[in-house]
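Working notes, beginning with the structure itself.
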Amino acid sequence: MLVRLFALLTALFSTFGFVGSASANPPSKAQVAQMLSGYESVPTTAQWRAMGPEVLAVLAELYNDTEQPGYVRMRSVDAAGSFRVPAARTFLLAVARARGQGDLYVRAAVKALARGFGVNAIDDLGDFLDSRHVVVRETVARELGRLQDDRVRPLLERRRAVEDNEAVRGALDAVLARFADGLATFLVGHSMGGLISYFVSSARSVD
C-alpha cells in the first residue's frame, strides 16, 4: 500500500513540476528527517512554505519509509498541511483513506487538511465524521466547528443523530451550541438594529 501510494504521489508531484524541476532545490530526505526529529520544535508553517511545495515529495517519501520513527512519519503528514496545493490534498487524503490506517495517522491527516485548506476541505472532512475511529470523529467535529461555515451545521447534525460515543457526542454538542449561540447573537443584533432604525426614522418624521 505504501509503495503504491508513494508511486502515485511521485507521479502527481512530477505533473505539477514539484519533482525534477531545474529551479527546485528542496532539502534532502535526511535534512527534512532531521527537521522533523526536533525534540522541542519543528519548522513552522511559514518555514515549510518558504522551502517551496517541492518539499512535499520529500515529506511523502518520509511518510512512506517505515524505517523512520513513527513520530517523524506522523509529523511529515502534519507538515503537508502547510501547502495549499492539489498535491498536498491528494497526499493527505491518501494517507487518511489508506486501508487499515491507524487512527493517529488519520487524525493527523484530517487536522492537516483543515489547517491547510479550511472551508475548501469541508466536504472532505465531512466524510470522516463516519470514520470507525472515535478519535477521528471527535477531531473532525472540532475542526469543522472552527471553520464557522453554514455548510458545517447540517453535517454535524446528521452525525449527532446517529453517534453512539459519549466523547464524540460531547464534541458535536459543543460545536452545535456555538452555532446556536452565533445565530442568537445575529438575531439579537439585527433586532436591535431594527429598533434603532425605527426610532431614528420616527424622530425624522417628527422633525
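Convention: chains lettered A, B, ... in C-alpha cells order; per-chain residue numbering from 1; ligands numbered from 1 as shown.
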
inquiry  = Residues within 12 Å of Leu176 (chain A), please, as a list in words. Count only C-alpha atoms; anything in the same chain fewer than 5 positions from it doesn't count.
reply    =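 Those residues are Ala141, Arg142, Leu144, Gly145, Arg146, Gln148, Asp149, Asp150, Val152, Arg153, Pro154, Leu155, Leu156, Glu157, Arg158, Arg159, Arg160, Arg169, Gly170, Ala171, Asp181, Gly182 and Leu183 of chain A.
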
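Comparing A:Asp103, A:Glu67, A:Asp123, A:Glu166 by their smallest distance to Val135 (chain A), the closest is A:Asp103 (using only C-alpha atoms).
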
Residues within 9 Å of Thr44 (chain A), only C-alpha atoms, excluding chain neighbours under 4 positions, as a compact mmCIF listing (two decimals) with C-alpha atoms, in the first residue's frame:
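Result file is selection13.txt:
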```
# COMPACT_ATOMS: atom_id res chain seq x y z
CA TRP A 48 7.76 24.97 5.39
CA ARG A 49 6.21 27.27 2.80
CA ALA A 79 3.76 19.33 7.66
CA SER A 82 1.36 23.81 5.23
```

task = Compare A:Ala180, A:Val119, A:Ala57, A:Val136 by their minimum atom-to-atom distance to Val168 (chain A), counting only C-alpha atoms, and give me the closest one.
result =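 With only C-alpha atoms as the atom set, the closest residue is A:Val136.
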
Per residue of region 14-83 of chain A within 8 Å of region 90-100 of chain A, note the shortest atom pair and the distance in Å to one decimal, counting only C-alpha atoms, and order the rows by chain and increasing residue number, as a tab-separated table.
```
residue	atom	partner	partner_atom	distance
A:Ala60	CA	A:Phe91	CA	7.4
A:Val77	CA	A:Leu92	CA	6.9
A:Ala80	CA	A:Leu92	CA	7.3
A:Gly81	CA	A:Leu92	CA	7.8
```

query = Any idea what the distance is between CA of Arg75 (chain A) and CA of Leu36 (chain A)?
reply = 6.3 Å

query = DSSP says helix (DSSP H, G or I) for which residues of region 42-99 of chain A? Put them as number ranges by chain?
reply = A: 45-51, 55-64, 70-80, 86-97

inquiry  = What's around Ala108 (chain A) at 8 Å? Count only C-alpha atoms, leave out sequence neighbours fewer than 3 positions away in its own chain, and write the answer as a ChimeraX atom specification.
reply    = /A:74,77-78,104-105,111-112

ask   = Between A:Glu163, A:Asp130, A:Glu143, A:Glu54, which has the minimum distance to Phe117 (chain A) (counting only C-alpha atoms)?
value =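 Result for the nearest residue to Phe117 (chain A): A:Glu143.
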
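In this comparison, which uses only C-alpha atoms, the residue of A:Asp124, A:Ala50, A:Asn165, A:Glu61 approaching Glu138 (chain A) most closely is A:Asn165.
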
task = Rounded to one decimal place, report the CA of Arg115 (chain A)-CA of Ala161 (chain A) distance in Å.
result = 26.7 Å

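The gap separating CA of Thr139 (chain A) from CA of Pro43 (chain A) is 22.9 Å, in Å to one decimal.
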